[in-house]
Amino acid sequence: EVRLVESGGGLVKPGESLRLSCEVFGLPFAPAWLSWVRLAPGKGLEWLGRAKGDNLGGEINYAPFVKDRFIISRDGSKNTLFLQLNSLKSEDAGVYYCTTDPNWADGDFWGQGTQVTVSS
Amino acid sequence: VVMTQSPLSLPVTLGQSASISCSSSQSLLSSDGNTYLNWYQQRPGQSPRRLLHQVSNRDSGVPDRFSGSGSGTDFTLKISSVEAEDIGFYYCMEGTHWPPFTFGPGTEVTIK
């Protein structure tokens with residue numbers, strides 16, 4: 001059974017940082033292309049970025065609006081994808097999900113999401 | 001690429017059909033011959049799930065009352081006979097011109 005399990009969300013003040021994790025079970029991690037997507041209150045789904053598989057050097061692509069504030073990385077020894085959130089703003093609040101690649105025809109898997117709240 | 005959807009709110013009668021339109025500002029036909037247009041459902045309190053990929057291919061476990069059609073810049077999601085479990089938000093998303101992958105604004109489906 002494939003499972004993606006996010007963790008690391010919480011309440012932070014504007015300007016602070018947070019590191020989210022997504023542990024992958026039941027899916028070969030090294031070749032997996034994985035994305036981060038968020039759902040902000042009153043807004044729709046937003047794609048944040050993606051890490052390609054290790055066989056492609058783990059190349060990272062970002063949505064233009066998060067580049068330089070958010071950093072995606074992966075650790076194959078832990079089967080885990082990370083999202084470092086820096087200089088957080090109130091509009092970054094929402095539920096953050098990790099998911100398999102949107103263009104992967106062989107399946108679609110999502111985590112349960114982790115809540116990020118940004119408030120002074 | 002800008003993705004638009006209509007309507008943004010869709011009250012439906014149980015058992016009736018429903019359709020959601022999605023348009024893109026550029027053709028989604030890729031150089032590899034595929035069209036990377038997905039449809040997602042997000043039920044209240046649940047994670048999103050992909051219903052259809054490459055316009056019309058249903059994902060595993062998706063009921064056959066969900067179907068997709070379209071080409072180029074105009075696409076449609078149809079629910080042939082709406083059930084109570086179908087309430088929630090529906091999003092189209094293009095994956096041809098990544099990065100980024102771009103979602104539409106979402107359509108909220110409710111029961112009349």
# chains A, B, ... in the order shown; residues from 1 in each chain; ligands from 1
>>> interface_residues(of="chain B", to="chain A", cutoff="9 Å", atoms="only C-alpha atoms", output="PyMOL selection string")
chain B and resi 36-38+46-50+53-54+57+59-60+89+91+93-96+98-106
>>> residues_around(residues="Leu81 of chain A", least_positions_apart="3", cutoff="12 Å", atoms="only C-alpha atoms", output="NGL selection string")
:A and (4-8 or 19-25 or 29-30 or 32-36 or 49-54 or 58 or 60 or 71-78 or 84 or 97-100 or 111)
>>> write_last_selection(atoms="C-alpha atoms", output="PDB file, in the first residue's frame")
ATOM      1  CA  LEU A   4       2.558   9.588   1.929  1.00  0.00           C
ATOM      2  CA  VAL A   5       2.707  10.990   5.459  1.00  0.00           C
ATOM      3  CA  GLU A   6       3.310  14.703   6.022  1.00  0.00           C
ATOM      4  CA  SER A   7       4.432  16.259   9.277  1.00  0.00           C
ATOM      5  CA  GLY A   8       5.971  19.442  10.612  1.00  0.00           C
ATOM      6  CA  ARG A  19      10.266  22.594   7.769  1.00  0.00           C
ATOM      7  CA  LEU A  20       7.697  20.154   6.475  1.00  0.00           C
ATOM      8  CA  SER A  21       8.400  16.478   5.870  1.00  0.00           C
ATOM      9  CA  CYS A  22       6.729  13.873   3.690  1.00  0.00           C
ATOM     10  CA  GLU A  23       7.694  10.250   4.332  1.00  0.00           C
ATOM     11  CA  VAL A  24       6.913   7.834   1.520  1.00  0.00           C
ATOM     12  CA  PHE A  25       5.864   4.230   2.094  1.00  0.00           C
ATOM     13  CA  PHE A  29      11.559   6.476  -3.436  1.00  0.00           C
ATOM     14  CA  ALA A  30      14.651   6.985  -5.570  1.00  0.00           C
ATOM     15  CA  ALA A  32       9.745   8.935  -7.603  1.00  0.00           C
ATOM     16  CA  TRP A  33       8.921  12.445  -8.759  1.00  0.00           C
ATOM     17  CA  LEU A  34       7.153  14.212  -5.883  1.00  0.00           C
ATOM     18  CA  SER A  35       5.379  17.557  -5.608  1.00  0.00           C
ATOM     19  CA  TRP A  36       4.175  19.904  -2.891  1.00  0.00           C
ATOM     20  CA  GLY A  49       7.245  22.732  -6.574  1.00  0.00           C
ATOM     21  CA  ARG A  50       8.551  19.316  -7.509  1.00  0.00           C
ATOM     22  CA  ALA A  51      11.599  17.136  -7.009  1.00  0.00           C
ATOM     23  CA  LYS A  52      12.445  14.751  -9.822  1.00  0.00           C
ATOM     24  CA  GLY A  53      13.815  11.296  -9.113  1.00  0.00           C
ATOM     25  CA  ASP A  54      17.374  10.656  -7.993  1.00  0.00           C
ATOM     26  CA  GLY A  58      16.754  15.168  -8.057  1.00  0.00           C
ATOM     27  CA  ILE A  60      13.914  20.765  -8.393  1.00  0.00           C
ATOM     28  CA  ILE A  71      13.215  25.116  -0.649  1.00  0.00           C
ATOM     29  CA  ILE A  72      12.473  21.521  -1.618  1.00  0.00           C
ATOM     30  CA  SER A  73      14.904  18.720  -0.873  1.00  0.00           C
ATOM     31  CA  ARG A  74      14.844  14.955  -0.553  1.00  0.00           C
ATOM     32  CA  ASP A  75      16.678  12.339   1.517  1.00  0.00           C
ATOM     33  CA  GLY A  76      16.714   8.900  -0.012  1.00  0.00           C
ATOM     34  CA  SER A  77      18.091   7.297   3.161  1.00  0.00           C
ATOM     35  CA  LYS A  78      14.871   8.348   4.913  1.00  0.00           C
ATOM     36  CA  GLN A  84      11.573  24.411   3.956  1.00  0.00           C
ATOM     37  CA  TYR A  97       0.169  18.278   0.770  1.00  0.00           C
ATOM     38  CA  CYS A  98       2.800  16.116  -0.866  1.00  0.00           C
ATOM     39  CA  THR A  99       1.780  14.121  -3.879  1.00  0.00           C
ATOM     40  CA  THR A 100       3.150  12.027  -6.693  1.00  0.00           C
ATOM     41  CA  GLY A 111      -0.685  12.621   1.882  1.00  0.00           C
TER      42      GLY A 111
END
>>> atom_distance(atom1="atom CA of Ser21 of chain B", atom2="atom CA of Leu51 of chain B")
14.9 Å
>>> select_by_dssp(residues="segment 4-41 of chain B", states="strand (DSSP E)", output="list in words")
Thr4, Gln5, Ser6, Ser9, Leu10, Pro11, Val12, Ala18, Ser19, Ile20, Ser21, Cys22, Ser23, Ser24, Leu37, Asn38, Trp39, Tyr40 and Gln41 of chain B
>>> residues_around(residues="Cys22 of chain B", least_positions_apart="2", cutoff="8 Å", atoms="only C-alpha atoms", output="list in words")
Met3, Thr4, Gln5, Ser6, Ile20, Ser24, Asp74, Phe75, Thr76, Cys92 and Gly104 of chain B
>>> atom_distance(atom1="atom CA of Gly26 of chain A", atom2="atom CA of Glu59 of chain A")
22.4 Å
>>> closest_residue(among="A:Pro41, A:Gly15, A:Gly9, A:Gly57", to="Asn86 of chain A", atoms="only C-alpha atoms")
A:Gly15
>>> residues_around(residues="Leu18 of chain A", least_positions_apart="4", cutoff="12 Å", atoms="only C-alpha atoms", output="count of residues only")
27
>>> residues_around(residues="Leu10 of chain B", least_positions_apart="2", cutoff="8 Å", atoms="only C-alpha atoms", output="list in words")
Pro7, Leu8, Val12, Thr107, Glu108, Val109 and Thr110 of chain B
>>> write_last_selection(atoms="N, CA and C atoms", output="short mmCIF file (atom, residue, chain, number, x, y, z; two decimals), in the first residue's frame")
data_model
loop_
_atom_site.label_atom_id
_atom_site.label_comp_id
_atom_site.auth_asym_id
_atom_site.auth_seq_id
_atom_site.Cartn_x
_atom_site.Cartn_y
_atom_site.Cartn_z
N PRO B 7 -18.95 26.64 -14.51
CA PRO B 7 -19.12 27.75 -13.57
C PRO B 7 -18.19 27.59 -12.38
N LEU B 8 -18.14 28.58 -11.52
CA LEU B 8 -17.36 28.46 -10.28
C LEU B 8 -18.20 27.85 -9.17
N VAL B 12 -26.43 21.10 -8.10
CA VAL B 12 -26.92 20.01 -8.94
C VAL B 12 -27.99 19.22 -8.21
N THR B 107 -14.23 24.64 -9.03
CA THR B 107 -15.70 24.72 -9.13
C THR B 107 -16.28 23.99 -7.94
N GLU B 108 -17.14 24.68 -7.19
CA GLU B 108 -17.77 24.05 -6.04
C GLU B 108 -19.09 23.41 -6.48
N VAL B 109 -19.19 22.11 -6.27
CA VAL B 109 -20.41 21.37 -6.59
C VAL B 109 -21.19 21.14 -5.31
N THR B 110 -22.44 21.59 -5.30
CA THR B 110 -23.32 21.40 -4.15
C THR B 110 -24.60 20.74 -4.61
#
>>> atom_distance(atom1="atom CA of Gln41 of chain B", atom2="atom CA of Val1 of chain B")
21.0 Å
>>> decode(residues="segment 98-110 of chain A", atoms="all heavy atoms", output="compact mmCIF listing (two decimals), in the first residue's frame")
# COMPACT_ATOMS: atom_id res chain seq x y z
N CYS A 98 1.87 16.66 0.12
CA CYS A 98 2.80 16.12 -0.87
C CYS A 98 2.04 15.11 -1.72
O CYS A 98 1.05 14.51 -1.28
CB CYS A 98 4.04 15.51 -0.23
SG CYS A 98 3.77 14.07 0.80
N THR A 99 2.49 14.98 -2.94
CA THR A 99 1.78 14.12 -3.88
C THR A 99 2.75 13.59 -4.92
O THR A 99 3.83 14.16 -5.13
CB THR A 99 0.64 14.91 -4.55
OG1 THR A 99 -0.03 14.08 -5.51
CG2 THR A 99 1.15 16.14 -5.29
N THR A 100 2.37 12.53 -5.57
CA THR A 100 3.15 12.03 -6.69
C THR A 100 2.99 12.95 -7.89
O THR A 100 2.13 13.82 -7.91
CB THR A 100 2.72 10.59 -7.04
OG1 THR A 100 1.29 10.53 -7.09
CG2 THR A 100 3.22 9.61 -5.99
N ASP A 101 3.84 12.76 -8.87
CA ASP A 101 3.89 13.69 -9.99
C ASP A 101 2.54 13.80 -10.71
O ASP A 101 1.93 12.78 -11.03
CB ASP A 101 4.96 13.25 -10.98
CG ASP A 101 5.22 14.31 -12.04
OD1 ASP A 101 5.87 15.31 -11.71
OD2 ASP A 101 4.76 14.14 -13.18
N PRO A 102 2.09 15.01 -10.98
CA PRO A 102 0.79 15.16 -11.66
C PRO A 102 0.71 14.47 -13.02
O PRO A 102 -0.38 14.09 -13.45
CB PRO A 102 0.65 16.68 -11.82
CG PRO A 102 1.48 17.26 -10.74
CD PRO A 102 2.65 16.32 -10.60
N ASN A 103 1.84 14.32 -13.70
CA ASN A 103 1.83 13.71 -15.03
C ASN A 103 2.13 12.21 -15.00
O ASN A 103 2.26 11.58 -16.05
CB ASN A 103 2.84 14.40 -15.95
CG ASN A 103 2.33 15.74 -16.46
OD1 ASN A 103 1.16 16.07 -16.30
ND2 ASN A 103 3.22 16.52 -17.04
N TRP A 104 2.22 11.62 -13.81
CA TRP A 104 2.51 10.20 -13.70
C TRP A 104 1.24 9.43 -14.03
O TRP A 104 0.28 9.46 -13.26
CB TRP A 104 3.03 9.86 -12.31
CG TRP A 104 3.55 8.46 -12.17
CD1 TRP A 104 4.28 7.76 -13.10
CD2 TRP A 104 3.41 7.61 -11.05
NE1 TRP A 104 4.59 6.52 -12.60
CE2 TRP A 104 4.09 6.39 -11.34
CE3 TRP A 104 2.80 7.74 -9.80
CZ2 TRP A 104 4.15 5.33 -10.45
CZ3 TRP A 104 2.86 6.68 -8.91
CH2 TRP A 104 3.53 5.49 -9.24
N ALA A 105 1.26 8.69 -15.12
CA ALA A 105 0.05 8.01 -15.57
C ALA A 105 -0.25 6.76 -14.76
O ALA A 105 -1.38 6.26 -14.80
CB ALA A 105 0.19 7.64 -17.05
N ASP A 106 0.74 6.26 -14.03
CA ASP A 106 0.56 4.98 -13.33
C ASP A 106 -0.07 5.11 -11.96
O ASP A 106 -0.28 4.09 -11.29
CB ASP A 106 1.91 4.27 -13.21
CG ASP A 106 2.44 3.80 -14.56
OD1 ASP A 106 1.62 3.70 -15.50
OD2 ASP A 106 3.64 3.55 -14.68
N GLY A 107 -0.34 6.32 -11.51
CA GLY A 107 -0.99 6.44 -10.22
C GLY A 107 -1.01 7.86 -9.70
O GLY A 107 -0.32 8.74 -10.22
N ASP A 108 -1.81 8.06 -8.65
CA ASP A 108 -1.94 9.37 -8.02
C ASP A 108 -2.09 9.16 -6.53
O ASP A 108 -3.05 8.51 -6.09
CB ASP A 108 -3.18 10.08 -8.58
CG ASP A 108 -3.49 11.36 -7.85
OD1 ASP A 108 -2.69 12.31 -7.94
OD2 ASP A 108 -4.53 11.41 -7.16
N PHE A 109 -1.14 9.64 -5.77
CA PHE A 109 -1.15 9.44 -4.32
C PHE A 109 -0.90 10.77 -3.61
O PHE A 109 -0.06 11.56 -4.05
CB PHE A 109 -0.10 8.41 -3.91
CG PHE A 109 -0.30 7.07 -4.57
CD1 PHE A 109 0.40 6.73 -5.72
CD2 PHE A 109 -1.20 6.15 -4.05
CE1 PHE A 109 0.21 5.50 -6.35
CE2 PHE A 109 -1.41 4.93 -4.66
CZ PHE A 109 -0.71 4.60 -5.81
N TRP A 110 -1.64 11.00 -2.52
CA TRP A 110 -1.54 12.22 -1.75
C TRP A 110 -1.38 11.88 -0.27
O TRP A 110 -1.92 10.87 0.20
CB TRP A 110 -2.81 13.06 -1.91
CG TRP A 110 -2.99 13.62 -3.28
CD1 TRP A 110 -3.32 12.92 -4.41
CD2 TRP A 110 -2.90 14.99 -3.69
NE1 TRP A 110 -3.42 13.78 -5.49
CE2 TRP A 110 -3.18 15.05 -5.06
CE3 TRP A 110 -2.61 16.17 -3.00
CZ2 TRP A 110 -3.16 16.26 -5.78
CZ3 TRP A 110 -2.60 17.37 -3.71
CH2 TRP A 110 -2.87 17.41 -5.08
